[in-house]
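Asker: Here you go, input-v7.pdb (PDB, N, CA and C atoms):
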```pdb
ATOM      1  N   MET R  70       3.136  87.640 -53.096
ATOM      2  CA  MET R  70       2.130  88.615 -53.422
ATOM      3  C   MET R  70       1.543  88.253 -54.789
ATOM      4  N   LYS R  71       0.237  88.236 -54.826
ATOM      5  CA  LYS R  71      -0.431  87.910 -56.077
ATOM      6  C   LYS R  71      -0.427  89.112 -57.021
ATOM      7  N   LYS R  72      -0.616  88.820 -58.290
ATOM      8  CA  LYS R  72      -0.624  89.861 -59.306
ATOM      9  C   LYS R  72      -1.765  90.851 -59.063
ATOM     10  N   ARG R  73      -2.893  90.347 -58.602
ATOM     11  CA  ARG R  73      -4.050  91.196 -58.320
ATOM     12  C   ARG R  73      -3.740  92.200 -57.202
ATOM     13  N   GLN R  74      -3.060  91.748 -56.176
ATOM     14  CA  GLN R  74      -2.696  92.628 -55.070
ATOM     15  C   GLN R  74      -1.719  93.706 -55.528
ATOM     16  N   PHE R  75      -0.767  93.310 -56.348
ATOM     17  CA  PHE R  75       0.204  94.266 -56.862
ATOM     18  C   PHE R  75      -0.477  95.340 -57.701
ATOM     19  N   LYS R  76      -1.399  94.933 -58.561
ATOM     20  CA  LYS R  76      -2.135  95.890 -59.387
ATOM     21  C   LYS R  76      -2.943  96.852 -58.523
ATOM     22  N   PHE R  77      -3.564  96.333 -57.475
ATOM     23  CA  PHE R  77      -4.344  97.168 -56.572
ATOM     24  C   PHE R  77      -3.464  98.213 -55.900
ATOM     25  N   ILE R  78      -2.318  97.806 -55.393
ATOM     26  CA  ILE R  78      -1.412  98.732 -54.703
ATOM     27  C   ILE R  78      -0.903  99.806 -55.657
ATOM     28  N   VAL R  79      -0.498  99.415 -56.840
ATOM     29  CA  VAL R  79       0.015 100.389 -57.817
ATOM     30  C   VAL R  79      -1.085 101.361 -58.227
ATOM     31  N   ALA R  80      -2.268 100.858 -58.510
ATOM     32  CA  ALA R  80      -3.377 101.728 -58.915
ATOM     33  C   ALA R  80      -3.764 102.692 -57.792
ATOM     34  N   LEU R  81      -3.803 102.198 -56.571
ATOM     35  CA  LEU R  81      -4.135 103.046 -55.432
ATOM     36  C   LEU R  81      -3.101 104.150 -55.249
ATOM     37  N   CYS R  82      -1.837 103.821 -55.386
ATOM     38  CA  CYS R  82      -0.775 104.826 -55.239
ATOM     39  C   CYS R  82      -0.833 105.860 -56.352
ATOM     40  N   VAL R  83      -1.077 105.434 -57.563
ATOM     41  CA  VAL R  83      -1.158 106.368 -58.687
ATOM     42  C   VAL R  83      -2.343 107.321 -58.496
ATOM     43  N   ILE R  84      -3.485 106.792 -58.101
ATOM     44  CA  ILE R  84      -4.662 107.633 -57.873
ATOM     45  C   ILE R  84      -4.410 108.619 -56.738
ATOM     46  N   ALA R  85      -3.769 108.154 -55.660
ATOM     47  CA  ALA R  85      -3.476 109.035 -54.525
ATOM     48  C   ALA R  85      -2.542 110.166 -54.937
ATOM     49  N   VAL R  86      -1.526 109.865 -55.725
ATOM     50  CA  VAL R  86      -0.577 110.900 -56.168
ATOM     51  C   VAL R  86      -1.270 111.907 -57.082
ATOM     52  N   VAL R  87      -2.106 111.426 -57.980
ATOM     53  CA  VAL R  87      -2.823 112.338 -58.878
ATOM     54  C   VAL R  87      -3.748 113.250 -58.075
ATOM     55  N   LEU R  88      -4.488 112.694 -57.114
ATOM     56  CA  LEU R  88      -5.362 113.515 -56.272
ATOM     57  C   LEU R  88      -4.563 114.533 -55.459
ATOM     58  N   TRP R  89      -3.420 114.098 -54.935
ATOM     59  CA  TRP R  89      -2.594 115.002 -54.151
ATOM     60  C   TRP R  89      -2.083 116.163 -55.005
ATOM     61  N   ILE R  90      -1.605 115.864 -56.204
ATOM     62  CA  ILE R  90      -1.076 116.906 -57.092
ATOM     63  C   ILE R  90      -2.175 117.876 -57.515
ATOM     64  N   VAL R  91      -3.331 117.349 -57.871
ATOM     65  CA  VAL R  91      -4.451 118.215 -58.262
ATOM     66  C   VAL R  91      -4.848 119.117 -57.087
ATOM     67  N   GLY R  92      -4.910 118.538 -55.897
ATOM     68  CA  GLY R  92      -5.236 119.329 -54.717
ATOM     69  C   GLY R  92      -4.204 120.401 -54.431
ATOM     70  N   GLU R  93      -2.942 120.053 -54.557
ATOM     71  CA  GLU R  93      -1.877 121.039 -54.327
ATOM     72  C   GLU R  93      -1.935 122.175 -55.349
ATOM     73  N   VAL R  94      -2.203 121.850 -56.588
ATOM     74  CA  VAL R  94      -2.314 122.887 -57.616
ATOM     75  C   VAL R  94      -3.484 123.811 -57.294
ATOM     76  N   LEU R  95      -4.626 123.223 -56.925
ATOM     77  CA  LEU R  95      -5.778 124.047 -56.579
ATOM     78  C   LEU R  95      -5.527 124.895 -55.339
ATOM     79  N   ILE R  96      -4.933 124.291 -54.320
ATOM     80  CA  ILE R  96      -4.659 125.012 -53.076
ATOM     81  C   ILE R  96      -3.638 126.126 -53.291
ATOM     82  N   GLY R  97      -2.577 125.838 -54.020
ATOM     83  CA  GLY R  97      -1.496 126.805 -54.175
ATOM     84  C   GLY R  97      -1.705 127.849 -55.242
ATOM     85  N   LEU R  98      -2.219 127.444 -56.387
ATOM     86  CA  LEU R  98      -2.294 128.368 -57.515
ATOM     87  C   LEU R  98      -3.668 128.980 -57.726
ATOM     88  N   VAL R  99      -4.701 128.221 -57.496
ATOM     89  CA  VAL R  99      -6.047 128.714 -57.791
ATOM     90  C   VAL R  99      -6.639 129.446 -56.590
ATOM     91  N   TRP R 100      -6.637 128.788 -55.437
ATOM     92  CA  TRP R 100      -7.293 129.368 -54.264
ATOM     93  C   TRP R 100      -6.342 130.137 -53.362
ATOM     94  N   ASP R 101      -5.049 129.924 -53.465
ATOM     95  CA  ASP R 101      -4.026 130.606 -52.660
ATOM     96  C   ASP R 101      -4.337 130.535 -51.163
ATOM     97  N   LEU R 102      -4.440 129.310 -50.641
ATOM     98  CA  LEU R 102      -4.854 129.096 -49.252
ATOM     99  C   LEU R 102      -3.705 129.005 -48.264
ATOM    100  N   GLY R 103      -2.510 128.727 -48.711
ATOM    101  CA  GLY R 103      -1.371 128.745 -47.808
ATOM    102  C   GLY R 103      -0.840 127.378 -47.444
ATOM    103  N   LEU R 104       0.236 127.416 -46.659
ATOM    104  CA  LEU R 104       0.984 126.216 -46.312
ATOM    105  C   LEU R 104       0.239 125.302 -45.344
ATOM    106  N   THR R 105      -0.510 125.873 -44.417
ATOM    107  CA  THR R 105      -1.223 125.059 -43.434
ATOM    108  C   THR R 105      -2.259 124.172 -44.110
ATOM    109  N   VAL R 106      -3.020 124.721 -45.029
ATOM    110  CA  VAL R 106      -4.021 123.941 -45.759
ATOM    111  C   VAL R 106      -3.340 122.882 -46.613
ATOM    112  N   SER R 107      -2.198 123.213 -47.171
ATOM    113  CA  SER R 107      -1.443 122.251 -47.974
ATOM    114  C   SER R 107      -0.991 121.062 -47.126
ATOM    115  N   ARG R 108      -0.528 121.334 -45.914
ATOM    116  CA  ARG R 108      -0.120 120.246 -45.018
ATOM    117  C   ARG R 108      -1.314 119.396 -44.601
ATOM    118  N   ILE R 109      -2.434 120.041 -44.312
ATOM    119  CA  ILE R 109      -3.649 119.294 -43.954
ATOM    120  C   ILE R 109      -4.083 118.419 -45.120
ATOM    121  N   TRP R 110      -4.006 118.943 -46.339
ATOM    122  CA  TRP R 110      -4.367 118.168 -47.524
ATOM    123  C   TRP R 110      -3.468 116.935 -47.672
ATOM    124  N   ALA R 111      -2.181 117.099 -47.442
ATOM    125  CA  ALA R 111      -1.249 115.967 -47.535
ATOM    126  C   ALA R 111      -1.593 114.904 -46.491
ATOM    127  N   ILE R 112      -1.913 115.322 -45.281
ATOM    128  CA  ILE R 112      -2.286 114.371 -44.228
ATOM    129  C   ILE R 112      -3.580 113.653 -44.592
ATOM    130  N   VAL R 113      -4.548 114.384 -45.120
ATOM    131  CA  VAL R 113      -5.825 113.777 -45.528
ATOM    132  C   VAL R 113      -5.599 112.726 -46.616
ATOM    133  N   ILE R 114      -4.753 113.029 -47.573
ATOM    134  CA  ILE R 114      -4.483 112.076 -48.661
ATOM    135  C   ILE R 114      -3.810 110.817 -48.120
ATOM    136  N   VAL R 115      -2.811 110.962 -47.263
ATOM    137  CA  VAL R 115      -2.108 109.791 -46.724
ATOM    138  C   VAL R 115      -3.043 108.942 -45.864
ATOM    139  N   VAL R 116      -3.778 109.572 -44.965
ATOM    140  CA  VAL R 116      -4.693 108.834 -44.096
ATOM    141  C   VAL R 116      -5.813 108.195 -44.912
ATOM    142  N   GLY R 117      -6.336 108.933 -45.869
ATOM    143  CA  GLY R 117      -7.393 108.389 -46.722
ATOM    144  C   GLY R 117      -6.925 107.203 -47.550
ATOM    145  N   THR R 118      -5.728 107.287 -48.080
ATOM    146  CA  THR R 118      -5.173 106.183 -48.856
ATOM    147  C   THR R 118      -4.970 104.948 -47.989
ATOM    148  N   CYS R 119      -4.431 105.139 -46.800
ATOM    149  CA  CYS R 119      -4.229 104.001 -45.886
ATOM    150  C   CYS R 119      -5.560 103.393 -45.460
ATOM    151  N   ALA R 120      -6.532 104.235 -45.140
ATOM    152  CA  ALA R 120      -7.842 103.744 -44.721
ATOM    153  C   ALA R 120      -8.519 102.967 -45.845
ATOM    154  N   PHE R 121      -8.470 103.498 -47.057
ATOM    155  CA  PHE R 121      -9.082 102.804 -48.188
ATOM    156  C   PHE R 121      -8.373 101.482 -48.460
ATOM    157  N   SER R 122      -7.057 101.489 -48.346
ATOM    158  CA  SER R 122      -6.286 100.275 -48.572
ATOM    159  C   SER R 122      -6.664  99.185 -47.577
ATOM    160  N   LEU R 123      -6.796  99.548 -46.302
ATOM    161  CA  LEU R 123      -7.171  98.556 -45.293
ATOM    162  C   LEU R 123      -8.609  98.083 -45.469
ATOM    163  N   TRP R 124      -9.487  98.968 -45.900
ATOM    164  CA  TRP R 124     -10.895  98.625 -46.058
ATOM    165  C   TRP R 124     -11.148  97.769 -47.294
ATOM    166  N   LYS R 125     -10.455  98.045 -48.367
ATOM    167  CA  LYS R 125     -10.773  97.447 -49.658
ATOM    168  C   LYS R 125      -9.677  96.528 -50.199
ATOM    169  N   CYS R 126      -8.637  96.258 -49.442
ATOM    170  CA  CYS R 126      -7.516  95.495 -49.992
ATOM    171  C   CYS R 126      -7.947  94.071 -50.366
ATOM    172  N   PRO R 127      -7.406  93.563 -51.445
ATOM    173  CA  PRO R 127      -7.716  92.188 -51.851
ATOM    174  C   PRO R 127      -7.150  91.193 -50.830
ATOM    175  N   ARG R 128      -7.945  90.279 -50.452
ATOM    176  CA  ARG R 128      -7.524  89.270 -49.478
ATOM    177  C   ARG R 128      -7.175  87.960 -50.200
ATOM    178  N   GLU R 129      -6.286  87.214 -49.602
ATOM    179  CA  GLU R 129      -5.909  85.925 -50.200
ATOM    180  C   GLU R 129      -6.902  84.856 -49.803
TER     181      GLU R 129
END
```
Now, as a test, write the supplied structure out as structure tokens.
Answerer:
Amino acid sequence: MKKRQFKFIVALCVIAVVLWIVGEVLIGLVWDLGLTVSRIWAIVIVVGTCAFSLWKCPRE
């Protein structure tokens, strides 16, 4: 694995976690939307992260 690929994966994971946490805080504390919306948000973050990774991943 090249250094560039490693940096991409780490940066993508950090951004995904930050977005997930911000979304959870907004869903749970600010908007009080409930557990179902929280689960949907988690699925959206995971699927979105995987889709972006496959679309934009650095190629060798």
Asker: Would you compute the distance between atom N of Ile112 of chain R and atom N of Glu93 of chain R? Give it in Å to one decimal.
Answerer: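 So the answer is 10.5 Å.
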Asker: Of the residues R:Thr118, R:Val106, R:Cys126, R:Asp101, which is the one nearest to Gln74 of chain R, using all atoms listed in the file?
Answerer: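 The answer is R:Cys126, which sits nearest to Gln74 of chain R.
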Asker: Using atom N of Trp124 of chain R and atom C of Val86 of chain R as the two end points, give the distance in Å to one decimal.
Answerer: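 Atom C of Val86 of chain R lies 19.0 Å from atom N of Trp124 of chain R.
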Asker: What is the atom C of Leu104 of chain R-atom CA of Phe121 of chain R distance in Å, reported with one decimal?
Answerer: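 Going from atom C of Leu104 of chain R over to atom CA of Phe121 of chain R covers 24.5 Å.
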Asker: Determine which residues of chain R DSSP labels as helix (DSSP H, G or I) from the backbone of this structure, then write them out as number ranges by chain.
Answerer: R: 72-99, 104-125
Asker: Assuming 8 Å of padding per side, give the centre and edge lengths of the axis-aligned box around every listed atom of segment 104-122 of chain R, in Å to one decimal and as JSON.
Answerer:
```
{"center_x": -4.0, "center_y": 113.3, "center_z": -46.1, "size_x": 26.1, "size_y": 44.2, "size_z": 21.4}
```
Asker: List the neighbours of Ile84 of chain R out to 12 Å using only C-alpha atoms; skip same-chain residues closer than 2 positions along the sequence, and give me the result as a tab-separated table (two decimals) with N, CA and C atoms, in the frame of the given file.
Answerer:
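Final file, selection_30.tsv:
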```tsv
chain	number	residue	atom	x	y	z
R	77	PHE	N	-3.56	96.33	-57.48
R	77	PHE	CA	-4.34	97.17	-56.57
R	77	PHE	C	-3.46	98.21	-55.90
R	78	ILE	N	-2.32	97.81	-55.39
R	78	ILE	CA	-1.41	98.73	-54.70
R	78	ILE	C	-0.90	99.81	-55.66
R	79	VAL	N	-0.50	99.42	-56.84
R	79	VAL	CA	0.02	100.39	-57.82
R	79	VAL	C	-1.08	101.36	-58.23
R	80	ALA	N	-2.27	100.86	-58.51
R	80	ALA	CA	-3.38	101.73	-58.92
R	80	ALA	C	-3.76	102.69	-57.79
R	81	LEU	N	-3.80	102.20	-56.57
R	81	LEU	CA	-4.14	103.05	-55.43
R	81	LEU	C	-3.10	104.15	-55.25
R	82	CYS	N	-1.84	103.82	-55.39
R	82	CYS	CA	-0.78	104.83	-55.24
R	82	CYS	C	-0.83	105.86	-56.35
R	86	VAL	N	-1.53	109.86	-55.72
R	86	VAL	CA	-0.58	110.90	-56.17
R	86	VAL	C	-1.27	111.91	-57.08
R	87	VAL	N	-2.11	111.43	-57.98
R	87	VAL	CA	-2.82	112.34	-58.88
R	87	VAL	C	-3.75	113.25	-58.08
R	88	LEU	N	-4.49	112.69	-57.11
R	88	LEU	CA	-5.36	113.52	-56.27
R	88	LEU	C	-4.56	114.53	-55.46
R	89	TRP	N	-3.42	114.10	-54.94
R	89	TRP	CA	-2.59	115.00	-54.15
R	89	TRP	C	-2.08	116.16	-55.00
R	90	ILE	N	-1.60	115.86	-56.20
R	90	ILE	CA	-1.08	116.91	-57.09
R	90	ILE	C	-2.17	117.88	-57.52
R	91	VAL	N	-3.33	117.35	-57.87
R	91	VAL	CA	-4.45	118.22	-58.26
R	91	VAL	C	-4.85	119.12	-57.09
R	114	ILE	N	-4.75	113.03	-47.57
R	114	ILE	CA	-4.48	112.08	-48.66
R	114	ILE	C	-3.81	110.82	-48.12
R	115	VAL	N	-2.81	110.96	-47.26
R	115	VAL	CA	-2.11	109.79	-46.72
R	115	VAL	C	-3.04	108.94	-45.86
R	117	GLY	N	-6.34	108.93	-45.87
R	117	GLY	CA	-7.39	108.39	-46.72
R	117	GLY	C	-6.92	107.20	-47.55
R	118	THR	N	-5.73	107.29	-48.08
R	118	THR	CA	-5.17	106.18	-48.86
R	118	THR	C	-4.97	104.95	-47.99
R	121	PHE	N	-8.47	103.50	-47.06
R	121	PHE	CA	-9.08	102.80	-48.19
R	121	PHE	C	-8.37	101.48	-48.46
R	122	SER	N	-7.06	101.49	-48.35
R	122	SER	CA	-6.29	100.28	-48.57
R	122	SER	C	-6.66	99.18	-47.58
```
